[in-house]
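This report concerns only the one structure given below.
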Amino acid sequence: MMKVNILIVGVGGQGVLTTSGILARAAMEEGLNVVSAETHGMAQRGGSVEVHLRIGDVRSPLIPYGHADFIASLEPVEILRYGHYMGDNTVAVVNTRPISPPSVSTGVAKYPELEEIADRIRPHLGELYTVNASEIAERLAGTIQATNVVMAGILIGLGIPLKLNSVEKALGEVLPEKMVEANIKALREGFQLGEKLRK
Amino acid sequence: MLKDVILDAPGKKVFLLGNEAIARGAIEAGIDVFSAYPGTPSSEITDTLNAACSHLKDRMEYRMEYAVNEKVAFEVAIGVSLAGKRGMTAMKHVGLNVAADPLFSFAYVGARGAFVCVSADDPSMHSSQNEQDNRWYGIAAKVPVVEPSSVNEAKEITKNAFELSENFSLPFILRSYTRLSHSSGVVELGEIPYKKIEKVEWERHPETDVVLPAHARRLKPRLQEKLKKLEDYFNGWDYNWVDEGDGRKGLIACGMSYNYAVEAMENLGVEMPVLKLSSMNPLPGKLITDFLSNLDEVLVVEEVDPVVEMQVRVMAAEFGVRVHGKMDGYLPENYEYNVSIVQKGIARLAGKDFDYSSYLTTAAELVKIAPPRPPVLCPGCPHTAVFYAIRNVVNEIGRTALPSDIGCYTLGINKPLEGVDITICMGASAGSSNGLSYVLSNPVIATIGDSTFFHTGIPPLINAVYNGNKFVLVVLDNSTTGMTGHQPHPGVDVRGCGEKADSIRIEDVCRALGVKFVEVVHSYNLRAVEDSLKRALSHDGVAVIIAKQPCAILWTRERRRKGIKIRSLEITDDCRECMKCVNEFTCPAIYIQEGKPEIDPALCVGCGVCASVCPHRAIRAAR
Ligand code: SF4
Ligand code: SF4
């Protein structure tokens with residue numbers, strides 16, 4: 001009985017929902033069961049966004065505490081909000097490009113150093129990788145908007161049970177035509193990076 | 001996705017959002033008219049039926065409309081049902097409070113054509129002002145309530161509710177909630193019927209349809225009979241069932257909680273018998289008592305209030321079965337459930353160990369160093385400009401009461417704007433201002449959105465004019481219903497299904513109501529807003545200011561579509577780092593780099609308001 005729990009988090013506007021939608025479609029394409037839960041409404045206004053994506057023999061749309069197999073954080077501090085899903089087997093990837101919240105610019109709060117974030121979460125996880133996915137997105141797709149697709153590629157490279165070509169097919173169905181080609185490039189680069197990290 | 005919702009491929013499996021599945025269920029049921037006012041987490045039902053209607057036009061016709069509020073939407077669907085056609089409405093849980101009046105009476109009348117009201121509850125209050133459990137409404141109003149346990153079942157039960165409503169002549173409430181409405185799952189498509197909108201001849205039935213006291217007295221026992229029959233039916237309904245298991249301890253699991261319970265049992269390695277329930281009112285009495293008769297102990301798993309637990313306690317007394325749940329602390333009373341929470345309760349029942357508190361401790365530890373990221377008003381949001389102007393005026397005149405309302409602009413509560421003192425429910429800004437004006441020595445400046453103005457803002461304004469109350473009502477008119485995803489309302493020139501509409505001007509409405517002071521200002525023009533506010537404050541009576549400028553998201557989308565280049569602003573070397581733009585105004589596009597403010601060109605929409613805020617003229621259009 002296969003069961004894979006993927007948590008994707010980030011900031012409203014980063015394409016967190018799109019990422020899970022693409023992976024979910026790919027899973028269906030491969031004949032797998034899939035359930036997801038997403039944040040709507042308030043959280044879209046520049047707030048934190050989380051999506052739970054569960055593939056295989058699962059029922060509840062929410063991942064049980066401590067049971068995320070993979071966490072992809074599209075923004076560095078966002079992963080700090082999801083400690084309750086981390087466990088000894090969790091593999092986490094964190095994009096290193098920060099998006100500073102207004103609480104930081106107005107001096108109410110401080111944005112922690114990337115190293116501090118990594119040091120704090122590492123003991124609660126199986127594996128942790130930090131990558132500049134936004135830089136890859138800008139280089140290959142010409143836009144930081146493709147960060148989410150790079151992160152999706154990394155997840156496949158790291159071993160979520162989906163094939164690259166079914167994700168490519170899903171990309172083609174979900175994204176506007178003129179964006180597909182560049183995004184597939186970004187996806188593949190992410191995939192290779194993910195495979196490299198895994199070794 | 002929309003293309004899956006309208007896909008004509010019976011038997012095919014697609015991946016749908018819960019709300020899309022409900023919309024698809026209505027389509028498969030051959031709905032005739034749908035009417036709703038948006039509210040999270042119900043909005044995508046409406047948006048999906050809105051987007052689907054033009055695609056299905058030649059195949060499966062239905063009318064779809066955005067109503068001015070939930071009561072109206074509910075009554076629209078009543079009209080449709082009484083004419084013998086299939087009507088539906090959807091609202092967030094608190095929306096049913098607005099529609100509660102017709103709900104109670106319509107139960108007596110009963111449905112003729114199908115009537116389905118989706119109530120989307122919000123356990124944990126992800127985007128709501130309270131955590132109300134609308135199953136109580138079903139009990140109080142004597143209306144059946146059904147609750148799906150999965151996205152696929154959401155589609156099936158929606159379709160089934162249309163049939164049951166007609167077969168039993170009862171209005172139905174379909175209870176969804178955030179975790180069902182906003183989760184996605186695999187749905188097996190059924191058939192989309194071929195149908196046109198066919199008008200029918202009116203047949204009068206005053207003996208049932210007119211609830212004058214003599215009729216109502218006769219209708220009440222008939223309603224109770226219908227519910228009794230429905231209860232018998234629910235004892236054998238496809239969506240209530242028993243999973244066999246071991247031992248004399250069992251579970252009664254309602255709606256989505258069924259999935260949490262099954263997964264939790266797998267994790268614990270126990271196999272207790274489970275009664276899965278999807279009919280919340282009336283409860284299937286026989287099914288439940290048969291189930292209880294084989295048990296010594298039972299745990300009731302349901303979200304929000306112990307609605308089923310209380311009733312099961314009564315039934316169980318007869319069998320000497322011990323009932324656990326919220327009322328004895330086996331499960332928490334507040335907030336939504338998940339596998340872990342349910343697992344803890346089941347573990348206790350099964351005499352096993354399970355504790356998740358270490359995960360929560362870790363989480364609390366980690367989140368400490370994360371800067372908060374609450375939702376904020378968007379870059380270029382016209383509400384920010386108006387709240388900034390209000391703040392300036394209030395700083396000048398001193399203590400002022402600032403009631404507001406439900407919408408994006410509730411976020412005006414945040415520092416440094418602090419433009420919101422009270423938020424209760426739709427329309428209550430103007431309502432509470434009437435009361436405040438009687439008893440306060442300070443001025444009152446209330447804010448309300450354009451959609452909310454039409455929803456329930458007009459009656460309290462009438463009240464103010466009639467009773468001679470004095471306050472300022474600022475209508476934050478961004479030409480849309482922003483918070484719930486940009487649905488139209490009577491103030492804009494488009495209707496459901498994309499048809500052209502005659503829009504209604506808020507200023508005309510206010511004048512017609514007898515408001516003597518009505519001014520329309522441009523939201524981005526800080527001086528104009530401030531001047532207007534000062535005039536309004538010195539007006540003796542209720543004064544309305546309509547601050548107009550389209551929602552920044554729509555404005556940007558519109559300019560993109562027209563191929564207009566969006567010119568962001570930049571901060572020049574004239575900046576003296578006084579930080580007024582950051583500390584007093586706060587646009588999310590302005591950030592600080594090495595102690596100096598900068599504008600992120602990717603976020604800036606070029607509204608130019610920050611330029612008029614800067615005292616040193618250091619902000620100007622980027623080259
Ligand atoms: S308000 Fe003007 S001078 Fe002051 S920090 Fe902002 S840009 Fe610089
Ligand atoms: S012009 Fe100024 S206030 Fe408007 S969006 Fe850009 S940075 Fe924000």
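Going through the structure tokens in order, the chains are called A, B, and so on, while each chain numbers its residues from 1 and the ligands are numbered from 1 in the order shown.
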Checklist entry - Do you know which residues are at most 6 Å from Pro171 (chain B) counting only C-alpha atoms, after dropping those on the same chain fewer than 2 positions away, and could you put them as a PyMOL selection string? => result chain B and resi 111+115+165
Selected residues, all heavy atoms, written as an mmCIF file, in the first residue's frame, please.
data_model
loop_
_atom_site.group_PDB
_atom_site.id
_atom_site.type_symbol
_atom_site.label_atom_id
_atom_site.label_comp_id
_atom_site.auth_asym_id
_atom_site.auth_seq_id
_atom_site.Cartn_x
_atom_site.Cartn_y
_atom_site.Cartn_z
ATOM 1 N N ALA B 111 -40.891 21.790 -0.451
ATOM 2 C CA ALA B 111 -40.450 21.986 -1.832
ATOM 3 C C ALA B 111 -41.430 21.327 -2.794
ATOM 4 O O ALA B 111 -42.083 20.354 -2.442
ATOM 5 C CB ALA B 111 -39.060 21.388 -2.008
ATOM 6 N N PHE B 115 -35.319 21.721 -4.056
ATOM 7 C CA PHE B 115 -34.691 22.883 -3.441
ATOM 8 C C PHE B 115 -33.494 22.413 -2.626
ATOM 9 O O PHE B 115 -33.632 21.651 -1.680
ATOM 10 C CB PHE B 115 -35.680 23.609 -2.518
ATOM 11 C CG PHE B 115 -35.068 24.792 -1.809
ATOM 12 C CD1 PHE B 115 -35.296 26.075 -2.275
ATOM 13 C CD2 PHE B 115 -34.255 24.609 -0.709
ATOM 14 C CE1 PHE B 115 -34.704 27.165 -1.636
ATOM 15 C CE2 PHE B 115 -33.650 25.700 -0.076
ATOM 16 C CZ PHE B 115 -33.888 26.980 -0.535
ATOM 17 N N SER B 165 -35.312 15.760 -2.381
ATOM 18 C CA SER B 165 -36.094 16.961 -2.127
ATOM 19 C C SER B 165 -37.447 16.872 -2.837
ATOM 20 O O SER B 165 -38.484 17.200 -2.266
ATOM 21 C CB SER B 165 -35.309 18.185 -2.587
ATOM 22 O OG SER B 165 -36.112 19.334 -2.534
#
Next on the checklist: Within 6 Å of ligand 2 (counting only C-alpha atoms and all ligand atoms), which residues show up? I'd like them as a PyMOL selection string.
Outcome noted: chain B and resi 379-380+568-569+587+589-590+599+604-610
Checklist entry - So which residues are near ligand 1, meaning at most 10 Å away with only C-alpha atoms and all ligand atoms counted, given back as an MDAnalysis selection string? => result chainID B and resid 570:586 590 592 595:599 610:620
Checklist entry - Near chain A, which residues of chain B fall within 7 Å when you count only C-alpha atoms, and what do they look like as a count of residues only? => result 39
Item to check | Close residues, Val492 (chain B) itself excluded, 9 Å, only C-alpha atoms, min 4 positions apart in chain, as a PyMOL selection string | outcome: chain B and resi 479-480+488+501-505
Checklist entry - Could you pull out all residues of region 156-188 of chain A with a DSSP call of helix (DSSP H, G or I) and give them as a list in words? => result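 Taking region 156-188 of chain A and keeping helix (DSSP H, G or I) gives Ile156, Gly157, Leu158, Leu164, Asn165, Ser166, Val167, Glu168, Lys169, Ala170, Leu171, Gly172, Glu173, Val174, Glu177, Lys178, Met179, Val180, Glu181, Ala182, Asn183, Ile184, Lys185, Ala186, Leu187 and Arg188 of chain A.
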Checklist entry - What residues in region 70-181 of chain A get the DSSP label strand (DSSP E)? Please answer as a PyMOL selection string. => result chain A and resi 70-73+91-95+127-131
Atoms to include: N, CA, C and O atoms. Write the selected residues as a PDB file, in the first residue's frame.
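As a result, selection-v1.pdb now contains:
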ATOM      1  N   PHE A  70       7.466  14.613   1.997  1.00  0.00           N
ATOM      2  CA  PHE A  70       8.206  15.681   1.314  1.00  0.00           C
ATOM      3  C   PHE A  70       7.599  17.024   1.701  1.00  0.00           C
ATOM      4  O   PHE A  70       6.381  17.152   1.777  1.00  0.00           O
ATOM      5  N   ILE A  71       8.459  18.003   1.937  1.00  0.00           N
ATOM      6  CA  ILE A  71       7.978  19.374   2.102  1.00  0.00           C
ATOM      7  C   ILE A  71       8.733  20.234   1.097  1.00  0.00           C
ATOM      8  O   ILE A  71       9.968  20.180   1.032  1.00  0.00           O
ATOM      9  N   ALA A  72       8.000  20.990   0.286  1.00  0.00           N
ATOM     10  CA  ALA A  72       8.631  21.952  -0.606  1.00  0.00           C
ATOM     11  C   ALA A  72       8.207  23.333  -0.136  1.00  0.00           C
ATOM     12  O   ALA A  72       7.022  23.636  -0.080  1.00  0.00           O
ATOM     13  N   SER A  73       9.189  24.152   0.230  1.00  0.00           N
ATOM     14  CA  SER A  73       8.875  25.500   0.696  1.00  0.00           C
ATOM     15  C   SER A  73       9.374  26.487  -0.349  1.00  0.00           C
ATOM     16  O   SER A  73      10.565  26.592  -0.599  1.00  0.00           O
ATOM     17  N   VAL A  91      11.667  14.623   3.840  1.00  0.00           N
ATOM     18  CA  VAL A  91      12.679  15.222   2.979  1.00  0.00           C
ATOM     19  C   VAL A  91      12.175  16.621   2.627  1.00  0.00           C
ATOM     20  O   VAL A  91      11.083  16.767   2.090  1.00  0.00           O
ATOM     21  N   ALA A  92      12.966  17.658   2.949  1.00  0.00           N
ATOM     22  CA  ALA A  92      12.494  19.018   2.693  1.00  0.00           C
ATOM     23  C   ALA A  92      13.402  19.753   1.722  1.00  0.00           C
ATOM     24  O   ALA A  92      14.620  19.595   1.755  1.00  0.00           O
ATOM     25  N   VAL A  93      12.784  20.518   0.818  1.00  0.00           N
ATOM     26  CA  VAL A  93      13.536  21.388  -0.087  1.00  0.00           C
ATOM     27  C   VAL A  93      13.065  22.814   0.170  1.00  0.00           C
ATOM     28  O   VAL A  93      11.861  23.083   0.178  1.00  0.00           O
ATOM     29  N   VAL A  94      14.000  23.708   0.340  1.00  0.00           N
ATOM     30  CA  VAL A  94      13.642  25.098   0.608  1.00  0.00           C
ATOM     31  C   VAL A  94      14.258  25.997  -0.460  1.00  0.00           C
ATOM     32  O   VAL A  94      15.473  25.949  -0.704  1.00  0.00           O
ATOM     33  N   ASN A  95      13.411  26.792  -1.093  1.00  0.00           N
ATOM     34  CA  ASN A  95      13.911  27.793  -2.034  1.00  0.00           C
ATOM     35  C   ASN A  95      14.529  28.926  -1.215  1.00  0.00           C
ATOM     36  O   ASN A  95      13.973  29.342  -0.209  1.00  0.00           O
ATOM     37  N   GLU A 127      15.994  14.758   5.823  1.00  0.00           N
ATOM     38  CA  GLU A 127      16.975  15.408   4.939  1.00  0.00           C
ATOM     39  C   GLU A 127      16.513  16.816   4.626  1.00  0.00           C
ATOM     40  O   GLU A 127      15.321  17.054   4.503  1.00  0.00           O
ATOM     41  N   LEU A 128      17.481  17.715   4.479  1.00  0.00           N
ATOM     42  CA  LEU A 128      17.141  19.099   4.134  1.00  0.00           C
ATOM     43  C   LEU A 128      18.020  19.590   2.994  1.00  0.00           C
ATOM     44  O   LEU A 128      19.241  19.436   3.034  1.00  0.00           O
ATOM     45  N   TYR A 129      17.404  20.144   1.966  1.00  0.00           N
ATOM     46  CA  TYR A 129      18.157  20.726   0.856  1.00  0.00           C
ATOM     47  C   TYR A 129      17.729  22.166   0.656  1.00  0.00           C
ATOM     48  O   TYR A 129      16.536  22.459   0.674  1.00  0.00           O
ATOM     49  N   THR A 130      18.705  23.053   0.486  1.00  0.00           N
ATOM     50  CA  THR A 130      18.355  24.432   0.158  1.00  0.00           C
ATOM     51  C   THR A 130      18.809  24.702  -1.272  1.00  0.00           C
ATOM     52  O   THR A 130      19.923  24.338  -1.662  1.00  0.00           O
ATOM     53  N   VAL A 131      17.942  25.295  -2.070  1.00  0.00           N
ATOM     54  CA  VAL A 131      18.264  25.541  -3.480  1.00  0.00           C
ATOM     55  C   VAL A 131      17.757  26.920  -3.900  1.00  0.00           C
ATOM     56  O   VAL A 131      16.762  27.396  -3.358  1.00  0.00           O
TER      57      VAL A 131
END
